[in-house]
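Chemist: The structure file protein_14.cif (mmCIF, C-alpha atoms and all ligand atoms) is provided below.
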data_data
loop_
_atom_site.label_atom_id
_atom_site.label_comp_id
_atom_site.auth_asym_id
_atom_site.auth_seq_id
_atom_site.Cartn_x
_atom_site.Cartn_y
_atom_site.Cartn_z
CA MET A 1 38.39 -74.22 -1.19
CA ASP A 2 41.20 -76.42 0.12
CA ILE A 3 44.18 -77.65 -1.88
CA TYR A 4 47.29 -79.55 -0.83
CA VAL A 5 50.88 -78.44 -1.26
CA ARG A 6 53.10 -80.48 -3.58
CA ARG A 7 56.88 -80.40 -3.67
CA GLY A 8 57.95 -77.06 -5.19
CA ASP A 9 54.59 -75.24 -4.77
CA SER A 10 54.43 -71.73 -3.32
CA PHE A 11 51.77 -69.20 -2.39
CA TRP A 12 53.03 -67.07 -5.25
CA TYR A 13 52.35 -69.97 -7.65
CA PHE A 14 48.84 -70.55 -6.22
CA SER A 15 48.15 -66.84 -6.57
CA ASN A 16 48.91 -67.12 -10.29
CA VAL A 17 47.04 -70.38 -10.89
CA PHE A 18 43.86 -69.12 -9.22
CA ASN A 19 44.22 -65.40 -9.98
CA VAL A 20 43.81 -64.40 -6.33
CA SER A 21 46.13 -61.85 -4.75
CA LEU A 22 49.14 -63.23 -2.89
CA GLN A 23 48.28 -61.16 0.18
CA LEU A 24 44.81 -62.73 0.43
CA ILE A 25 46.31 -66.23 0.23
CA ILE A 26 48.84 -65.38 2.95
CA ASP A 27 46.10 -63.87 5.15
CA SER A 28 43.84 -66.88 4.55
CA ASN A 29 46.53 -69.22 5.90
CA ARG A 30 47.88 -67.52 9.01
CA ASP A 31 48.93 -70.85 10.53
CA LEU A 32 51.34 -71.55 7.63
CA ASP A 33 54.77 -70.03 7.01
CA PRO A 34 54.74 -68.90 3.33
CA ASN A 35 58.52 -69.37 3.14
CA ALA A 36 58.52 -72.90 4.54
CA LEU A 37 55.65 -74.75 2.87
CA MET A 38 55.81 -78.53 3.12
CA ALA A 39 54.30 -81.13 0.80
CA GLY A 40 50.93 -82.35 2.07
CA GLN A 41 50.00 -79.14 3.91
CA ARG A 42 46.46 -77.93 3.39
CA VAL A 43 46.09 -74.43 1.90
CA LYS A 44 42.89 -72.41 1.76
CA ILE A 45 42.20 -70.59 -1.51
CA PRO A 46 39.73 -67.74 -0.90
CA GLY A 47 36.78 -67.07 -3.20
CA TYR A 48 36.42 -70.57 -4.64
CA ALA A 49 34.14 -73.55 -4.09
CA ALA A 50 35.04 -77.10 -5.17
CA VAL A 51 32.12 -78.48 -7.18
CA ASP A 52 31.56 -82.18 -7.90
CA TYR A 53 31.75 -83.27 -11.54
CA ARG A 54 31.21 -86.73 -13.09
CA ILE A 55 33.55 -87.60 -15.96
CA ARG A 56 31.79 -88.35 -19.26
CA ALA A 57 32.96 -90.06 -22.46
CA GLY A 58 35.53 -87.91 -24.26
CA ASP A 59 36.40 -85.68 -21.30
CA THR A 60 39.99 -84.60 -20.79
CA LEU A 61 41.31 -82.43 -17.99
CA TRP A 62 42.57 -79.99 -20.61
CA ALA A 63 39.08 -79.62 -22.16
CA ILE A 64 37.39 -79.32 -18.76
CA ALA A 65 39.86 -76.62 -17.71
CA GLN A 66 39.60 -74.81 -21.05
CA SER A 67 35.79 -74.65 -20.98
CA ARG A 68 35.88 -73.13 -17.47
CA LYS A 69 38.75 -70.71 -18.09
CA LEU A 70 40.91 -72.56 -15.57
CA GLN A 71 44.53 -73.66 -15.73
CA VAL A 72 44.88 -77.46 -15.90
CA ASP A 73 47.00 -77.30 -12.77
CA ALA A 74 44.05 -75.75 -10.89
CA LEU A 75 42.23 -79.05 -11.53
CA LEU A 76 45.23 -81.11 -10.46
CA LEU A 77 45.54 -79.08 -7.26
CA ALA A 78 41.85 -79.53 -6.47
CA ASN A 79 42.10 -83.32 -7.00
CA ARG A 80 44.99 -84.71 -5.01
CA ASN A 81 45.29 -88.26 -6.27
CA ILE A 82 44.05 -87.93 -9.81
CA ASN A 83 45.89 -89.50 -12.74
CA PRO A 84 45.42 -87.05 -15.65
CA ASN A 85 46.01 -89.86 -18.18
CA GLY A 86 43.75 -92.35 -16.43
CA LEU A 87 40.36 -90.63 -16.29
CA TYR A 88 37.43 -93.03 -16.53
CA ILE A 89 33.73 -92.53 -17.27
CA GLY A 90 31.73 -92.01 -14.10
CA GLN A 91 34.76 -90.85 -12.08
CA MET A 92 33.95 -88.02 -9.65
CA ILE A 93 36.32 -85.06 -9.63
CA LYS A 94 36.27 -81.60 -8.03
CA ILE A 95 36.17 -78.49 -10.19
CA PRO A 96 37.21 -75.13 -8.70
CA LEU A 97 34.45 -72.57 -9.19
CA ARG A 98 35.06 -68.89 -8.57
CA ILE A 99 32.28 -67.47 -6.39
CA THR A 100 30.79 -64.37 -7.97
CA TRP A 101 27.46 -64.20 -6.10
CA ARG A 102 26.30 -63.07 -2.66
CA ILE A 103 26.07 -65.58 0.17
CA VAL A 104 24.15 -63.16 2.41
CA GLN A 105 20.45 -62.87 1.60
CA GLY A 106 19.59 -59.95 3.83
CA LYS A 107 15.98 -59.30 2.94
CA LYS A 108 14.47 -61.47 5.68
CA ASN A 109 13.86 -61.53 9.44
CA TYR A 110 17.53 -61.48 10.31
CA ASP A 111 18.00 -62.90 13.80
CA TYR A 112 21.12 -63.98 15.67
CA ALA A 113 21.10 -67.46 14.10
CA ALA A 114 20.96 -65.93 10.60
CA LEU A 115 23.90 -63.69 11.52
CA THR A 116 26.16 -66.45 12.86
CA ASN A 117 25.25 -68.77 9.98
CA ASP A 118 26.16 -66.11 7.39
CA LEU A 119 29.37 -65.08 9.16
CA ASN A 120 30.55 -68.70 9.31
CA ARG A 121 29.74 -69.24 5.65
CA LEU A 122 31.52 -66.03 4.67
CA GLN A 123 34.58 -67.01 6.67
CA SER A 124 34.76 -70.44 5.07
CA VAL A 125 34.79 -68.83 1.59
CA TYR A 126 36.90 -65.80 2.60
CA PRO A 127 39.25 -67.14 5.30
CA PHE A 128 41.29 -63.92 5.31
CA MET A 129 38.39 -62.42 7.28
CA GLN A 130 38.92 -62.93 11.00
CA LEU A 131 35.98 -63.46 13.35
CA PRO A 132 36.95 -62.68 16.94
CA SER A 133 34.28 -62.12 19.58
CA ILE A 134 33.96 -58.87 21.56
CA GLY A 135 32.37 -60.70 24.51
CA ASN A 136 29.05 -62.29 25.43
CA SER A 137 25.56 -60.83 25.70
CA VAL A 138 23.54 -61.12 28.94
CA LEU A 139 22.09 -64.42 27.64
CA GLY A 140 25.56 -65.69 26.75
CA LYS A 141 25.52 -65.13 22.98
CA LYS A 142 28.97 -64.48 21.53
CA ILE A 143 29.01 -61.03 19.90
CA PRO A 144 31.12 -61.41 16.74
CA GLU A 145 33.41 -58.86 15.11
CA ALA A 146 34.39 -59.24 11.45
CA LEU A 147 37.91 -57.96 10.77
CA ILE A 148 39.21 -57.42 7.22
CA GLY A 149 42.33 -55.81 5.79
CA LYS A 150 45.90 -54.89 6.57
CA GLY A 151 45.89 -51.11 6.52
CA SER A 152 46.80 -48.44 9.03
CA LYS A 153 43.45 -46.66 8.64
CA ARG A 154 41.34 -48.44 11.25
CA VAL A 155 37.66 -48.04 10.41
CA HIS A 156 34.85 -49.34 12.61
CA TYR A 157 31.16 -49.88 11.72
CA ASN A 158 28.50 -51.30 14.02
CA ALA A 159 24.78 -52.06 13.80
CA SER A 160 21.83 -53.11 15.98
CA PHE A 161 22.80 -51.26 19.15
CA HIS A 162 19.02 -50.86 19.27
CA ALA A 163 16.94 -54.04 19.07
CA ASN A 164 14.07 -52.84 16.87
CA GLU A 165 16.57 -51.28 14.43
CA TRP A 166 17.77 -54.76 13.43
CA ILE A 167 17.44 -54.07 9.70
CA THR A 168 20.82 -52.34 10.09
CA THR A 169 22.38 -55.81 10.60
CA PRO A 170 21.42 -57.37 7.24
CA ILE A 171 22.25 -54.04 5.56
CA ILE A 172 25.80 -54.05 6.94
CA MET A 173 26.16 -57.81 6.30
CA THR A 174 25.25 -57.23 2.65
CA PHE A 175 28.00 -54.64 2.42
CA LEU A 176 30.45 -57.01 4.12
CA ASN A 177 29.61 -59.68 1.51
CA ASP A 178 29.92 -57.23 -1.40
CA TYR A 179 33.26 -55.98 -0.05
CA LEU A 180 34.67 -59.51 0.35
CA LEU A 181 33.50 -60.39 -3.18
CA ALA A 182 35.11 -57.32 -4.73
CA VAL A 183 38.37 -57.63 -2.78
CA THR A 184 38.75 -61.29 -3.79
CA ASN A 185 37.67 -60.98 -7.43
CA LYS A 186 39.59 -57.70 -7.96
CA THR A 187 36.43 -55.88 -9.00
CA SER A 188 35.28 -52.39 -8.12
CA ILE A 189 32.19 -50.96 -6.44
CA ARG A 190 30.92 -47.68 -7.87
CA GLY A 191 34.21 -47.34 -9.73
CA LEU A 192 36.39 -47.77 -6.65
CA SER A 193 38.97 -50.55 -6.54
CA MET A 194 38.37 -52.59 -3.40
CA ALA A 195 41.81 -54.27 -3.59
CA ASN A 196 43.39 -50.92 -2.65
CA PHE A 197 41.04 -50.56 0.30
CA TYR A 198 42.21 -53.93 1.63
CA SER A 199 45.83 -52.79 1.82
CA GLN A 200 45.06 -49.32 3.14
CA THR A 201 42.39 -49.98 5.76
CA THR A 202 41.54 -52.38 8.54
CA LEU A 203 37.77 -52.68 8.63
CA SER A 204 36.14 -53.78 11.88
CA ILE A 205 32.41 -54.56 11.78
CA VAL A 206 30.27 -55.52 14.77
CA PRO A 207 27.04 -56.33 12.90
CA MET A 208 24.82 -57.03 15.93
CA VAL A 209 25.76 -55.31 19.19
CA ASN A 210 22.51 -56.35 20.89
CA PRO A 211 21.66 -59.95 19.87
CA ASP A 212 19.36 -60.70 22.85
CA GLY A 213 17.30 -57.60 22.05
CA VAL A 214 17.08 -58.40 18.32
CA ASN A 215 15.83 -61.92 19.06
CA LEU A 216 13.32 -60.50 21.57
CA VAL A 217 11.82 -58.16 18.96
CA MET A 218 11.68 -60.97 16.40
CA HIS A 219 10.70 -64.02 18.47
CA GLY A 220 9.29 -62.75 21.78
CA PRO A 221 10.55 -63.46 25.32
CA PRO A 222 13.48 -65.88 25.69
CA VAL A 223 12.95 -69.19 27.49
CA GLU A 224 15.58 -68.22 30.08
CA GLU A 225 14.29 -67.10 33.50
CA PRO A 226 14.01 -64.64 35.01
CA TRP A 227 13.99 -62.81 31.66
CA ASN A 228 11.04 -64.75 30.23
CA GLU A 229 8.69 -63.05 32.70
CA ARG A 230 10.70 -59.93 33.43
CA VAL A 231 10.81 -58.55 29.88
CA VAL A 232 7.00 -58.61 29.80
CA GLU A 233 6.94 -56.65 33.10
CA PHE A 234 9.51 -54.19 31.70
CA ASN A 235 7.22 -53.89 28.66
CA LYS A 236 4.26 -52.92 30.89
CA GLY A 237 2.59 -56.29 30.43
CA SER A 238 2.61 -56.19 26.64
CA ARG A 239 3.85 -59.07 24.51
CA ASP A 240 4.34 -56.74 21.56
CA PHE A 241 8.07 -55.97 21.52
CA THR A 242 8.20 -53.96 18.28
CA GLY A 243 8.99 -50.82 20.32
CA TRP A 244 11.87 -52.49 22.20
CA LYS A 245 15.34 -50.93 21.80
CA ALA A 246 17.11 -52.06 24.98
CA ASN A 247 19.07 -55.19 25.86
CA ILE A 248 17.36 -58.08 27.65
CA ARG A 249 17.77 -56.36 31.05
CA GLY A 250 15.86 -53.33 29.80
CA VAL A 251 18.97 -51.13 29.52
CA ASP A 252 19.38 -48.92 26.44
CA LEU A 253 22.92 -49.73 25.28
CA ASN A 254 23.31 -46.42 23.48
CA ASP A 255 22.72 -44.56 26.77
CA GLN A 256 25.44 -46.52 28.60
CA PHE A 257 28.61 -44.61 27.72
CA PRO A 258 30.46 -42.21 30.03
CA ALA A 259 29.92 -39.04 27.99
CA LYS A 260 27.71 -36.69 30.02
CA TRP A 261 25.87 -39.83 31.12
CA GLU A 262 24.34 -37.96 34.10
CA LEU A 263 22.60 -35.46 31.78
CA GLU A 264 21.05 -38.30 29.80
CA ARG A 265 20.09 -40.08 33.02
CA ALA A 266 18.38 -36.98 34.40
CA ARG A 267 15.86 -36.74 31.58
CA ASN A 268 15.30 -40.45 31.00
CA PRO A 269 13.40 -43.28 32.76
CA LYS A 270 14.88 -44.50 36.07
CA GLN A 271 13.64 -48.07 35.63
CA PRO A 272 14.41 -50.82 33.10
CA GLY A 273 12.13 -50.71 30.10
CA PRO A 274 11.91 -50.94 26.32
CA ARG A 275 13.99 -47.81 25.68
CA ASP A 276 16.02 -44.90 27.08
CA TYR A 277 16.92 -46.35 30.50
CA GLY A 278 20.72 -45.92 30.74
CA GLY A 279 21.33 -48.19 33.74
CA GLU A 280 22.39 -47.26 37.28
CA ARG A 281 25.93 -46.43 36.14
CA PRO A 282 27.72 -46.16 32.79
CA LEU A 283 29.01 -49.41 31.29
CA THR A 284 27.14 -51.89 33.46
CA GLU A 285 25.94 -54.05 30.53
CA PRO A 286 28.18 -56.70 28.94
CA GLU A 287 27.29 -55.60 25.37
CA ALA A 288 28.32 -51.98 26.09
CA ILE A 289 31.42 -53.10 28.00
CA GLY A 290 32.40 -55.31 25.04
CA MET A 291 32.11 -52.34 22.67
CA ALA A 292 34.12 -50.06 24.98
CA GLU A 293 36.89 -52.62 25.41
CA LEU A 294 37.01 -53.32 21.67
CA THR A 295 37.28 -49.59 20.95
CA ARG A 296 40.16 -49.12 23.41
CA ARG A 297 41.97 -52.22 22.10
CA ARG A 298 41.68 -51.41 18.39
CA ASP A 299 42.41 -47.68 18.56
CA PHE A 300 39.98 -46.86 15.72
CA SER A 301 40.67 -43.92 13.40
CA ARG A 302 36.91 -43.36 13.00
CA VAL A 303 33.64 -45.03 13.95
CA LEU A 304 30.19 -45.12 12.34
CA ALA A 305 27.22 -46.48 14.32
CA PHE A 306 24.24 -47.43 12.13
CA HIS A 307 20.72 -46.93 13.47
CA THR A 308 17.23 -46.31 12.08
CA GLN A 309 15.49 -44.06 11.26
CA GLY A 310 15.52 -40.47 9.91
CA GLU A 311 17.99 -40.32 6.97
CA GLU A 312 20.34 -38.19 9.06
CA ILE A 313 24.03 -38.19 9.94
CA TYR A 314 25.02 -36.93 13.40
CA TRP A 315 28.63 -35.85 13.54
CA GLY A 316 29.20 -33.63 16.63
CA PHE A 317 29.39 -33.96 20.39
CA ASP A 318 29.83 -31.05 22.79
CA ASN A 319 32.14 -29.27 20.29
CA LEU A 320 34.79 -31.89 21.00
CA GLU A 321 34.81 -33.38 17.48
CA PRO A 322 37.87 -32.70 15.26
CA PRO A 323 37.56 -30.23 12.36
CA GLU A 324 37.50 -32.97 9.72
CA SER A 325 34.23 -34.41 11.11
CA GLU A 326 32.13 -31.77 9.39
CA ALA A 327 33.76 -32.27 5.99
CA MET A 328 33.35 -36.03 6.31
CA ALA A 329 29.68 -35.65 7.23
CA LYS A 330 29.20 -33.51 4.13
CA GLU A 331 30.74 -36.21 1.94
CA PHE A 332 28.53 -38.87 3.59
CA ALA A 333 25.55 -36.62 2.88
CA ARG A 334 26.59 -36.07 -0.74
CA VAL A 335 26.86 -39.79 -1.50
CA SER A 336 23.67 -40.81 0.35
CA GLY A 337 21.26 -37.91 0.10
CA TYR A 338 21.00 -37.97 3.90
CA LYS A 339 21.09 -34.78 5.97
CA PRO A 340 24.14 -33.89 8.10
CA VAL A 341 23.21 -32.72 11.61
CA LYS A 342 25.78 -31.50 14.11
CA THR A 343 24.05 -32.46 17.36
CA ILE A 344 20.76 -32.99 19.02
CA GLU A 345 20.23 -32.86 22.77
CA SER A 346 21.48 -36.36 23.41
CA TYR A 347 24.33 -37.82 25.47
CA ALA A 348 25.93 -41.07 26.59
CA GLY A 349 25.85 -42.64 23.12
CA TYR A 350 28.68 -44.70 21.68
CA LYS A 351 29.72 -42.08 19.13
CA ASP A 352 29.51 -39.34 21.81
CA TRP A 353 31.96 -41.24 23.98
CA PHE A 354 34.27 -41.95 21.04
CA ILE A 355 34.41 -38.26 20.07
CA GLN A 356 34.89 -37.17 23.68
CA ASP A 357 37.68 -39.60 24.60
CA TRP A 358 39.58 -39.82 21.29
CA ARG A 359 38.78 -36.48 19.60
CA ARG A 360 38.46 -38.40 16.35
CA PRO A 361 35.53 -38.55 13.89
CA GLY A 362 32.52 -40.45 15.18
CA PHE A 363 29.10 -40.65 13.51
CA THR A 364 25.62 -41.95 14.12
CA VAL A 365 23.87 -42.66 10.84
CA GLU A 366 20.07 -42.99 10.90
CA LEU A 367 19.00 -45.18 7.98
CA GLY A 368 15.65 -45.02 6.22
CA SER A 369 12.48 -43.31 7.30
CA GLY A 370 9.21 -44.40 8.92
CA ILE A 371 8.40 -46.26 12.13
CA ASN A 372 10.80 -48.81 13.66
CA PRO A 373 11.17 -51.63 12.92
CA LEU A 374 11.40 -50.43 9.33
CA PRO A 375 9.77 -52.81 6.84
CA LEU A 376 11.99 -55.02 4.68
CA SER A 377 10.38 -53.39 1.64
CA GLN A 378 12.79 -50.48 2.29
CA PHE A 379 15.82 -52.76 2.21
CA ASP A 380 17.02 -52.13 -1.36
CA GLU A 381 16.51 -48.38 -1.21
CA ILE A 382 18.34 -48.11 2.13
CA TYR A 383 21.21 -50.20 0.79
CA GLU A 384 21.55 -48.02 -2.32
CA ASP A 385 21.67 -44.88 -0.14
CA VAL A 386 24.05 -46.17 2.52
CA LEU A 387 26.44 -47.98 0.18
CA GLY A 388 28.09 -44.63 -0.58
CA ILE A 389 28.60 -44.03 3.15
CA PHE A 390 30.14 -47.49 3.67
CA LEU A 391 32.59 -46.73 0.85
CA ALA A 392 33.33 -43.14 1.90
CA GLY A 393 34.06 -44.38 5.41
CA LEU A 394 36.92 -46.34 3.82
CA TYR A 395 38.30 -43.79 1.34
CA LEU A 396 37.99 -40.54 3.26
ZN ZN B 401 18.96 -46.26 17.47
#
Give the structure from this file in structure tokens form.
Ligand SMILES: [Zn+2]
Modeler:
Amino acid sequence: MDIYVRRGDSFWYFSNVFNVSLQLIIDSNRDLDPNALMAGQRVKIPGYAAVDYRIRAGDTLWAIAQSRKLQVDALLLANRNINPNGLYIGQMIKIPLRITWRIVQGKKNYDYAALTNDLNRLQSVYPFMQLPSIGNSVLGKKIPEALIGKGSKRVHYNASFHANEWITTPIIMTFLNDYLLAVTNKTSIRGLSMANFYSQTTLSIVPMVNPDGVNLVMHGPPVEEPWNERVVEFNKGSRDFTGWKANIRGVDLNDQFPAKWELERARNPKQPGPRDYGGERPLTEPEAIGMAELTRRRDFSRVLAFHTQGEEIYWGFDNLEPPESEAMAKEFARVSGYKPVKTIESYAGYKDWFIQDWRRPGFTVELGSGINPLPLSQFDEIYEDVLGIFLAGLYL
């Protein structure tokens, strides 16, 4: 919700009027200098919507504010040119309404358009969340990163590296929404205060690493040539893409990282296809390059890559992981009921590369069980299980 600065107003004052933390107001208005506010400047107040209201006989601003547990000045701030003593019947005013519900409705076919729509809506309500892009997909889709918090613990989560594992995207978007809600409204999740997490951690989420692949699984071949025909060839003539994990060029993005890439290459297909082809060299695909560059730039303390399926947590790579990885995996297992597994014979994945090059904790979490793509009927159960992991990733 937008309000306008009057002479003598301050962020500190707005924080009190709207009961939103000062830090969130500062972070929602990065283009303004909190110490040099000027009358007429527009200020974003996170966590509120301005709702239309028509004045009826007998209404006063005091009564309207009282009935909604608002300060009268919140109404004056939301209505720039209102005369509190000159209300008239039929007059339209704005009433600030604190948002206490989810914007993201994840239990649906969640394609790239659903993702960008939800991210934009979340950012308009929670402007302290930044939305940079990590680069473009092969088909030119911007791959967004959501960035929240001010802390020195830099935590990274990603989802939908693999196209037919797209349920990981609405799962992680639901957590993002719940986190933003709790941070703004000073509430807790499973007894943990999210306001503290905001000051102690910087959370980076890339909710859909492989948008072209997700849309392929959901909608079939793209209109763009040569991919319209080529993906069907890569898929051995089939128009059923439910088994597709790769990007639109038939490269498996989680086999693209320079961590014993040659070993993975040796045992995998040598041609583009629905899964397991790691490309001719490491990091040839723009989606994988974007993730590698993001990881170098942000210097993450830990990373968790969310996949389906198996209800397992992979935490090792080539004995290069730090000692704390095992303890962290055990805590993730405790809060989710999933099984910690040190390694399987697998290389060139994102978490493998992170462990190898940084010697910091990296995890692949396999959500749910069954055959990919997992049905949406598993959504609530998966979210209940993985919520503990999302939270532990922040507090550990
Ligand atoms: Zn996967």
Chemist: Of the candidates A:Tyr383, A:Trp261, A:Ser369, A:Val5, which shows the shortest atom-to-atom distance to Leu77 of chain A, using all atoms listed in the file?
Modeler: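 Nearest to Leu77 of chain A: A:Val5.
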Chemist: Restrict the calculation to only C-alpha atoms and all ligand atoms, then for each residue of chain A with any atom at most 8 Å from an atom of ligand ZN 401 (chain B) give the closest atom pair and their distance in Å to one decimal, rows by chain and rising residue number, as a Markdown table.
Modeler:
| residue | atom | partner | partner_atom | distance |
| --- | --- | --- | --- | --- |
| A:Ser160 | CA | B:ZN401 | ZN | 7.6 |
| A:Phe161 | CA | B:ZN401 | ZN | 6.5 |
| A:His162 | CA | B:ZN401 | ZN | 4.9 |
| A:Glu165 | CA | B:ZN401 | ZN | 6.3 |
| A:Lys245 | CA | B:ZN401 | ZN | 7.3 |
| A:Asn254 | CA | B:ZN401 | ZN | 7.4 |
| A:Phe306 | CA | B:ZN401 | ZN | 7.6 |
| A:His307 | CA | B:ZN401 | ZN | 4.4 |
| A:Thr308 | CA | B:ZN401 | ZN | 5.7 |
| A:Gln309 | CA | B:ZN401 | ZN | 7.4 |
| A:Glu366 | CA | B:ZN401 | ZN | 7.4 |
Chemist: Please write the residues from the selection above to a file, keeping C-alpha atoms, as an mmCIF file, in the frame of the given file.
Modeler:
data_model
loop_
_atom_site.group_PDB
_atom_site.id
_atom_site.type_symbol
_atom_site.label_atom_id
_atom_site.label_comp_id
_atom_site.auth_asym_id
_atom_site.auth_seq_id
_atom_site.Cartn_x
_atom_site.Cartn_y
_atom_site.Cartn_z
ATOM 1 C CA SER A 160 21.830 -53.110 15.980
ATOM 2 C CA PHE A 161 22.800 -51.260 19.150
ATOM 3 C CA HIS A 162 19.020 -50.860 19.270
ATOM 4 C CA GLU A 165 16.570 -51.280 14.430
ATOM 5 C CA LYS A 245 15.340 -50.930 21.800
ATOM 6 C CA ASN A 254 23.310 -46.420 23.480
ATOM 7 C CA PHE A 306 24.240 -47.430 12.130
ATOM 8 C CA HIS A 307 20.720 -46.930 13.470
ATOM 9 C CA THR A 308 17.230 -46.310 12.080
ATOM 10 C CA GLN A 309 15.490 -44.060 11.260
ATOM 11 C CA GLU A 366 20.070 -42.990 10.900
#
Chemist: In Å to one decimal, how far is atom CA of Leu176 of chain A from atom CA of Tyr338 of chain A?
Modeler: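 Between atom CA of Tyr338 of chain A and atom CA of Leu176 of chain A the gap is 21.3 Å.
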Chemist: How many Å lie between atom CA of Pro340 of chain A and atom CA of Ile313 of chain A, rounded to one decimal?
Modeler: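 Interatomic distance here is 4.7 Å.
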Chemist: Mind listing whatever residues come within 6 Å of the point (17.8, -59.7, 26.4)? Use only C-alpha atoms, file coordinates, and give them as number ranges by chain.
Modeler: A: 212-213, 247-249
Chemist: Have a look at A:Val125, A:Arg6, A:Asn210, A:Trp166 and name the one nearest to Thr242 of chain A; count all atoms listed in the file.
Modeler: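 Of A:Val125, A:Arg6, A:Asn210, A:Trp166, the one nearest Thr242 of chain A is A:Trp166, counting all atoms listed in the file.
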Chemist: Would you kindly identify which residues have an atom no farther than 6 Å from (36.0, -57.7, 9.1), using only C-alpha atoms and the file's own coordinates, and write them out as a ChimeraX atom specification?
Modeler: /A:129,146-148,203-205
Chemist: Keeping C-alpha atoms for every residue in the selection just given, could you write it to a file as a CSV table (one decimal), in the frame of the given file?
Modeler:
chain,number,residue,atom,x,y,z
A,129,MET,CA,38.4,-62.4,7.3
A,146,ALA,CA,34.4,-59.2,11.4
A,147,LEU,CA,37.9,-58.0,10.8
A,148,ILE,CA,39.2,-57.4,7.2
A,203,LEU,CA,37.8,-52.7,8.6
A,204,SER,CA,36.1,-53.8,11.9
A,205,ILE,CA,32.4,-54.6,11.8
Chemist: Kindly indicate which residue among A:Phe241, A:Tyr157, A:Phe175, A:Phe234 lies nearest to Gly362 of chain A, using all atoms listed in the file for the distances.
Modeler: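 Looking at the shortest contact to Gly362 of chain A, the residue is A:Tyr157.
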Chemist: Taking only C-alpha atoms into account, which of A:Ile3, A:Ile55, A:Ala113, A:Leu22 comes nearest Ala39 of chain A?
Modeler: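 Among the listed residues, A:Ile3 lies closest to Ala39 of chain A.
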Chemist: Give the answer as one residue: which of A:Ala329, A:Ile99, A:Ala266, A:Ala114 has the shortest atom-to-atom distance to Ala182 of chain A, using all atoms listed in the file?
Modeler: A:Ile99
Chemist: Within 12 Å of segment 290-294 of chain A, counting all atoms listed in the file, which residues qualify if same-chain residues fewer than 4 places away don't, as JSON, numbers by chain?
Modeler: {"A": [132, 133, 134, 135, 136, 137, 138, 142, 143, 144, 145, 147, 156, 157, 158, 159, 161, 204, 205, 206, 207, 208, 209, 210, 253, 254, 256, 257, 258, 282, 283, 284, 285, 286, 298, 299, 300, 303, 305, 349, 350, 351, 353, 354, 357]}
Chemist: Please determine, counting all atoms listed in the file, which residue among A:Met173, A:Ala163, A:Ala49, A:Leu115 has the shortest atom-to-atom distance to Ala246 of chain A.
Modeler: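 Going through A:Met173, A:Ala163, A:Ala49, A:Leu115 one by one, the smallest distance to Ala246 of chain A is for A:Ala163.
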Chemist: How far is it from atom CA of Val232 of chain A to atom CA of Pro272 of chain A, in Å with one decimal?
Modeler: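 Between atom CA of Val232 of chain A and atom CA of Pro272 of chain A the gap works out to 11.2 Å.
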Chemist: Rebuild N, CA and C atoms on segment 275-286 of chain A, as a PDB file, keeping the file's coordinate frame?
Modeler:
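Below is the file selection_9.pdb, written as the result:
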ATOM      1  N   ARG A 275      13.052 -48.753  26.302  1.00  0.00           N
ATOM      2  CA  ARG A 275      13.990 -47.810  25.680  1.00  0.00           C
ATOM      3  C   ARG A 275      14.393 -46.722  26.670  1.00  0.00           C
ATOM      4  N   ASP A 276      15.550 -46.139  26.446  1.00  0.00           N
ATOM      5  CA  ASP A 276      16.020 -44.900  27.080  1.00  0.00           C
ATOM      6  C   ASP A 276      16.497 -45.028  28.532  1.00  0.00           C
ATOM      7  N   TYR A 277      16.372 -46.199  29.152  1.00  0.00           N
ATOM      8  CA  TYR A 277      16.920 -46.350  30.500  1.00  0.00           C
ATOM      9  C   TYR A 277      18.419 -46.670  30.369  1.00  0.00           C
ATOM     10  N   GLY A 278      19.268 -45.803  30.934  1.00  0.00           N
ATOM     11  CA  GLY A 278      20.720 -45.920  30.740  1.00  0.00           C
ATOM     12  C   GLY A 278      21.435 -46.728  31.791  1.00  0.00           C
ATOM     13  N   GLY A 279      20.693 -47.401  32.681  1.00  0.00           N
ATOM     14  CA  GLY A 279      21.330 -48.190  33.740  1.00  0.00           C
ATOM     15  C   GLY A 279      21.608 -47.340  34.966  1.00  0.00           C
ATOM     16  N   GLU A 280      22.092 -47.981  36.029  1.00  0.00           N
ATOM     17  CA  GLU A 280      22.390 -47.260  37.280  1.00  0.00           C
ATOM     18  C   GLU A 280      23.741 -46.554  37.217  1.00  0.00           C
ATOM     19  N   ARG A 281      24.617 -47.035  36.362  1.00  0.00           N
ATOM     20  CA  ARG A 281      25.930 -46.430  36.140  1.00  0.00           C
ATOM     21  C   ARG A 281      26.271 -46.601  34.664  1.00  0.00           C
ATOM     22  N   PRO A 282      27.270 -45.865  34.153  1.00  0.00           N
ATOM     23  CA  PRO A 282      27.720 -46.160  32.790  1.00  0.00           C
ATOM     24  C   PRO A 282      28.391 -47.534  32.737  1.00  0.00           C
ATOM     25  N   LEU A 283      28.304 -48.153  31.574  1.00  0.00           N
ATOM     26  CA  LEU A 283      29.010 -49.410  31.290  1.00  0.00           C
ATOM     27  C   LEU A 283      28.768 -50.497  32.336  1.00  0.00           C
ATOM     28  N   THR A 284      27.494 -50.760  32.603  1.00  0.00           N
ATOM     29  CA  THR A 284      27.140 -51.890  33.460  1.00  0.00           C
ATOM     30  C   THR A 284      26.791 -53.129  32.634  1.00  0.00           C
ATOM     31  N   GLU A 285      26.456 -52.954  31.351  1.00  0.00           N
ATOM     32  CA  GLU A 285      25.940 -54.050  30.530  1.00  0.00           C
ATOM     33  C   GLU A 285      27.054 -54.693  29.706  1.00  0.00           C
ATOM     34  N   PRO A 286      27.055 -56.024  29.615  1.00  0.00           N
ATOM     35  CA  PRO A 286      28.180 -56.700  28.940  1.00  0.00           C
ATOM     36  C   PRO A 286      28.325 -56.283  27.468  1.00  0.00           C
TER      37      PRO A 286
END
